Amino acid sequence: MDFFIQSALAQSGQAANEPGLASFLPLIILFVVFYFFLIRPQMKKQKEHGKMVKNLAVGDEVVTNGGVLGKITAVDEYFFKVKIATDTEVKIQKIAIAQVMPSSTVE
């Protein structure tokens, strides 16, 4: 049991008690990598989607996240009315629009 105490005393007490920049450097590098490869592109994509949804108007043809293709017939604050077939309109949240299609895609 005596040799356990001696090995504990053999360590340098000064270096073990002071964590320097070298111990935080991997954490900082990891955060920078996550920011540039995950967080920043996702924020850019959200901004582009918000701009696209904001510019939608009556008559635009859209595809929803569920794959429903239709033409916008009415615009509300949070919803669009989308005509998906003859005499069939659905109310869809603005954030559920995946992309805008070129004109005359529906027909």
# chains A, B, ... in the order shown; residues from 1 in each chain; ligands from 1

call {"tool": "residues_around", "arguments": {"residues": "Ile72 in chain A", "least_positions_apart": "3", "cutoff": "12 Å", "atoms": "only C-alpha atoms", "output": "JSON, numbers by chain"}}
result
{"A": [53, 56, 57, 58, 59, 60, 61, 62, 63, 64, 68, 69, 75, 76, 79, 80, 81, 82, 83, 84, 85, 88, 89, 90, 91, 92, 93, 94, 97, 100, 101, 103, 106]}

call {"tool": "write_last_selection", "arguments": {"atoms": "C-alpha atoms", "output": "mmCIF file, in the first residue's frame"}}
result
data_model
loop_
_atom_site.group_PDB
_atom_site.id
_atom_site.type_symbol
_atom_site.label_atom_id
_atom_site.label_comp_id
_atom_site.auth_asym_id
_atom_site.auth_seq_id
_atom_site.Cartn_x
_atom_site.Cartn_y
_atom_site.Cartn_z
ATOM 1 C CA VAL A 53 -41.997 31.855 -47.980
ATOM 2 C CA LEU A 56 -44.955 33.704 -52.042
ATOM 3 C CA ALA A 57 -48.181 35.127 -53.460
ATOM 4 C CA VAL A 58 -51.507 33.991 -54.862
ATOM 5 C CA GLY A 59 -50.999 31.976 -58.051
ATOM 6 C CA ASP A 60 -47.601 30.519 -57.135
ATOM 7 C CA GLU A 61 -47.268 26.766 -57.454
ATOM 8 C CA VAL A 62 -45.674 25.030 -54.489
ATOM 9 C CA VAL A 63 -44.747 21.638 -53.090
ATOM 10 C CA THR A 64 -45.248 20.941 -49.390
ATOM 11 C CA VAL A 68 -48.432 17.712 -52.093
ATOM 12 C CA LEU A 69 -48.326 19.849 -55.235
ATOM 13 C CA VAL A 75 -52.562 34.011 -48.209
ATOM 14 C CA ASP A 76 -53.145 34.394 -44.465
ATOM 15 C CA PHE A 79 -51.392 29.776 -43.513
ATOM 16 C CA PHE A 80 -51.805 29.372 -47.257
ATOM 17 C CA LYS A 81 -54.864 27.967 -48.972
ATOM 18 C CA VAL A 82 -53.593 25.651 -51.662
ATOM 19 C CA LYS A 83 -55.741 24.205 -54.450
ATOM 20 C CA ILE A 84 -54.595 20.625 -54.994
ATOM 21 C CA ALA A 85 -57.407 19.398 -57.268
ATOM 22 C CA THR A 88 -60.280 20.749 -53.354
ATOM 23 C CA GLU A 89 -58.408 23.279 -51.242
ATOM 24 C CA VAL A 90 -56.299 22.618 -48.179
ATOM 25 C CA LYS A 91 -55.018 25.006 -45.556
ATOM 26 C CA ILE A 92 -51.260 24.607 -45.057
ATOM 27 C CA GLN A 93 -48.887 26.285 -42.622
ATOM 28 C CA LYS A 94 -46.375 28.603 -44.247
ATOM 29 C CA ILE A 97 -43.852 24.784 -47.964
ATOM 30 C CA VAL A 100 -41.707 26.809 -55.353
ATOM 31 C CA MET A 101 -42.295 25.124 -58.687
ATOM 32 C CA SER A 103 -45.502 27.958 -63.531
ATOM 33 C CA VAL A 106 -49.730 21.715 -61.656
#

call {"tool": "select_by_dssp", "arguments": {"residues": "chain A", "states": "helix (DSSP H, G or I)", "output": "ChimeraX atom specification"}}
result
/A:2-10,13-17,21-54,94-96

call {"tool": "write_last_selection", "arguments": {"atoms": "C-alpha atoms", "output": "compact mmCIF listing (two decimals), in the first residue's frame"}}
result
# COMPACT_ATOMS: atom_id res chain seq x y z
CA ASP A 2 2.95 2.28 0.53
CA PHE A 3 3.83 2.36 -3.17
CA PHE A 4 0.42 3.91 -4.04
CA ILE A 5 1.13 6.94 -1.88
CA GLN A 6 4.59 7.38 -3.32
CA SER A 7 3.28 7.42 -6.90
CA ALA A 8 0.73 10.05 -5.97
CA LEU A 9 3.47 12.25 -4.52
CA ALA A 10 5.64 11.78 -7.59
CA GLY A 13 1.35 19.38 -8.20
CA GLN A 14 1.89 22.69 -10.03
CA ALA A 15 1.10 21.43 -13.56
CA ALA A 16 -1.87 19.31 -12.48
CA ASN A 17 -3.66 22.16 -10.68
CA LEU A 21 -5.17 26.98 -22.80
CA ALA A 22 -3.88 23.64 -24.06
CA SER A 23 -6.56 21.75 -22.15
CA PHE A 24 -9.37 23.90 -23.62
CA LEU A 25 -7.95 24.03 -27.15
CA PRO A 26 -9.62 20.78 -28.36
CA LEU A 27 -12.98 22.02 -27.05
CA ILE A 28 -12.56 25.36 -28.81
CA ILE A 29 -11.55 23.68 -32.07
CA LEU A 30 -14.55 21.33 -31.83
CA PHE A 31 -16.93 24.26 -31.36
CA VAL A 32 -15.44 26.12 -34.35
CA VAL A 33 -15.78 23.03 -36.55
CA PHE A 34 -19.41 22.52 -35.46
CA TYR A 35 -20.18 26.18 -36.12
CA PHE A 36 -18.78 26.26 -39.65
CA PHE A 37 -19.98 22.81 -40.76
CA LEU A 38 -23.34 22.47 -38.97
CA ILE A 39 -24.71 25.61 -37.36
CA ARG A 40 -23.86 28.25 -39.99
CA PRO A 41 -25.18 26.32 -43.03
CA GLN A 42 -28.40 25.49 -41.17
CA MET A 43 -28.96 29.15 -40.26
CA LYS A 44 -28.32 30.16 -43.88
CA LYS A 45 -30.81 27.55 -45.12
CA GLN A 46 -33.46 28.77 -42.64
CA LYS A 47 -32.94 32.36 -43.75
CA GLU A 48 -33.34 31.42 -47.43
CA HIS A 49 -36.49 29.40 -46.67
CA GLY A 50 -38.00 32.31 -44.72
CA LYS A 51 -37.27 34.68 -47.60
CA MET A 52 -38.83 32.25 -50.07
CA VAL A 53 -42.00 31.85 -47.98
CA LYS A 54 -42.25 35.62 -47.45
CA LYS A 94 -46.38 28.60 -44.25
CA ILE A 95 -43.41 26.70 -42.81
CA ALA A 96 -44.65 23.49 -44.48

call {"tool": "select_by_dssp", "arguments": {"residues": "chain A", "states": "strand (DSSP E)", "output": "PyMOL selection string"}}
result
chain A and resi 61-64+69-75+79-85+88-93+97-101

call {"tool": "write_last_selection", "arguments": {"atoms": "N, CA and C atoms", "output": "mmCIF file, in the first residue's frame"}}
result
data_model
loop_
_atom_site.group_PDB
_atom_site.id
_atom_site.type_symbol
_atom_site.label_atom_id
_atom_site.label_comp_id
_atom_site.auth_asym_id
_atom_site.auth_seq_id
_atom_site.Cartn_x
_atom_site.Cartn_y
_atom_site.Cartn_z
ATOM 1 N N GLU A 61 -47.118 28.209 -57.581
ATOM 2 C CA GLU A 61 -47.268 26.766 -57.454
ATOM 3 C C GLU A 61 -46.175 26.244 -56.532
ATOM 4 N N VAL A 62 -46.599 25.449 -55.540
ATOM 5 C CA VAL A 62 -45.674 25.030 -54.489
ATOM 6 C C VAL A 62 -45.784 23.534 -54.234
ATOM 7 N N VAL A 63 -44.752 23.011 -53.585
ATOM 8 C CA VAL A 63 -44.747 21.638 -53.090
ATOM 9 C C VAL A 63 -44.564 21.718 -51.583
ATOM 10 N N THR A 64 -45.368 20.955 -50.844
ATOM 11 C CA THR A 64 -45.248 20.941 -49.390
ATOM 12 C C THR A 64 -44.200 19.929 -48.956
ATOM 13 N N LEU A 69 -48.544 18.801 -54.247
ATOM 14 C CA LEU A 69 -48.326 19.849 -55.235
ATOM 15 C C LEU A 69 -49.622 20.618 -55.416
ATOM 16 N N GLY A 70 -49.555 21.945 -55.404
ATOM 17 C CA GLY A 70 -50.766 22.737 -55.581
ATOM 18 C C GLY A 70 -50.460 24.181 -55.899
ATOM 19 N N LYS A 71 -51.542 24.946 -56.088
ATOM 20 C CA LYS A 71 -51.444 26.363 -56.428
ATOM 21 C C LYS A 71 -52.044 27.177 -55.283
ATOM 22 N N ILE A 72 -51.344 28.207 -54.856
ATOM 23 C CA ILE A 72 -51.809 29.050 -53.759
ATOM 24 C C ILE A 72 -53.002 29.876 -54.228
ATOM 25 N N THR A 73 -54.097 29.828 -53.429
ATOM 26 C CA THR A 73 -55.295 30.596 -53.765
ATOM 27 C C THR A 73 -55.564 31.713 -52.770
ATOM 28 N N ALA A 74 -55.024 31.600 -51.552
ATOM 29 C CA ALA A 74 -55.215 32.650 -50.551
ATOM 30 C C ALA A 74 -54.028 32.658 -49.599
ATOM 31 N N VAL A 75 -53.686 33.843 -49.134
ATOM 32 C CA VAL A 75 -52.562 34.011 -48.209
ATOM 33 C C VAL A 75 -53.090 34.593 -46.905
ATOM 34 N N PHE A 79 -50.971 30.876 -42.656
ATOM 35 C CA PHE A 79 -51.392 29.776 -43.513
ATOM 36 C C PHE A 79 -51.537 30.205 -44.961
ATOM 37 N N PHE A 80 -51.462 29.212 -45.849
ATOM 38 C CA PHE A 80 -51.805 29.372 -47.257
ATOM 39 C C PHE A 80 -52.978 28.452 -47.540
ATOM 40 N N LYS A 81 -53.868 28.881 -48.423
ATOM 41 C CA LYS A 81 -54.864 27.967 -48.972
ATOM 42 C C LYS A 81 -54.311 27.518 -50.304
ATOM 43 N N VAL A 82 -54.203 26.212 -50.470
ATOM 44 C CA VAL A 82 -53.593 25.651 -51.662
ATOM 45 C C VAL A 82 -54.617 24.764 -52.358
ATOM 46 N N LYS A 83 -54.837 25.022 -53.645
ATOM 47 C CA LYS A 83 -55.741 24.205 -54.450
ATOM 48 C C LYS A 83 -54.938 23.031 -54.997
ATOM 49 N N ILE A 84 -55.340 21.815 -54.587
ATOM 50 C CA ILE A 84 -54.595 20.625 -54.994
ATOM 51 C C ILE A 84 -55.324 19.817 -56.058
ATOM 52 N N ALA A 85 -56.614 20.067 -56.230
ATOM 53 C CA ALA A 85 -57.407 19.398 -57.268
ATOM 54 C C ALA A 85 -58.636 20.267 -57.520
ATOM 55 N N THR A 88 -60.946 21.230 -54.570
ATOM 56 C CA THR A 88 -60.280 20.749 -53.354
ATOM 57 C C THR A 88 -59.189 21.730 -52.957
ATOM 58 N N GLU A 89 -59.407 22.362 -51.797
ATOM 59 C CA GLU A 89 -58.408 23.279 -51.242
ATOM 60 C C GLU A 89 -58.032 22.808 -49.851
ATOM 61 N N VAL A 90 -56.769 22.950 -49.520
ATOM 62 C CA VAL A 90 -56.299 22.618 -48.179
ATOM 63 C C VAL A 90 -55.621 23.843 -47.582
ATOM 64 N N LYS A 91 -55.681 23.914 -46.272
ATOM 65 C CA LYS A 91 -55.018 25.006 -45.556
ATOM 66 C C LYS A 91 -53.698 24.469 -45.021
ATOM 67 N N ILE A 92 -52.600 25.100 -45.393
ATOM 68 C CA ILE A 92 -51.260 24.607 -45.057
ATOM 69 C C ILE A 92 -50.483 25.711 -44.342
ATOM 70 N N GLN A 93 -49.740 25.327 -43.310
ATOM 71 C CA GLN A 93 -48.887 26.285 -42.622
ATOM 72 C C GLN A 93 -47.798 26.775 -43.569
ATOM 73 N N ILE A 97 -44.151 24.691 -46.537
ATOM 74 C CA ILE A 97 -43.852 24.784 -47.964
ATOM 75 C C ILE A 97 -42.384 24.416 -48.168
ATOM 76 N N ALA A 98 -42.144 23.441 -49.040
ATOM 77 C CA ALA A 98 -40.773 22.978 -49.274
ATOM 78 C C ALA A 98 -40.097 23.770 -50.383
ATOM 79 N N GLN A 99 -40.818 23.978 -51.512
ATOM 80 C CA GLN A 99 -40.199 24.705 -52.615
ATOM 81 C C GLN A 99 -41.265 25.256 -53.554
ATOM 82 N N VAL A 100 -40.841 26.214 -54.345
ATOM 83 C CA VAL A 100 -41.707 26.809 -55.353
ATOM 84 C C VAL A 100 -41.397 26.130 -56.679
ATOM 85 N N MET A 101 -42.448 25.786 -57.397
ATOM 86 C CA MET A 101 -42.295 25.124 -58.687
ATOM 87 C C MET A 101 -42.468 26.137 -59.813
#
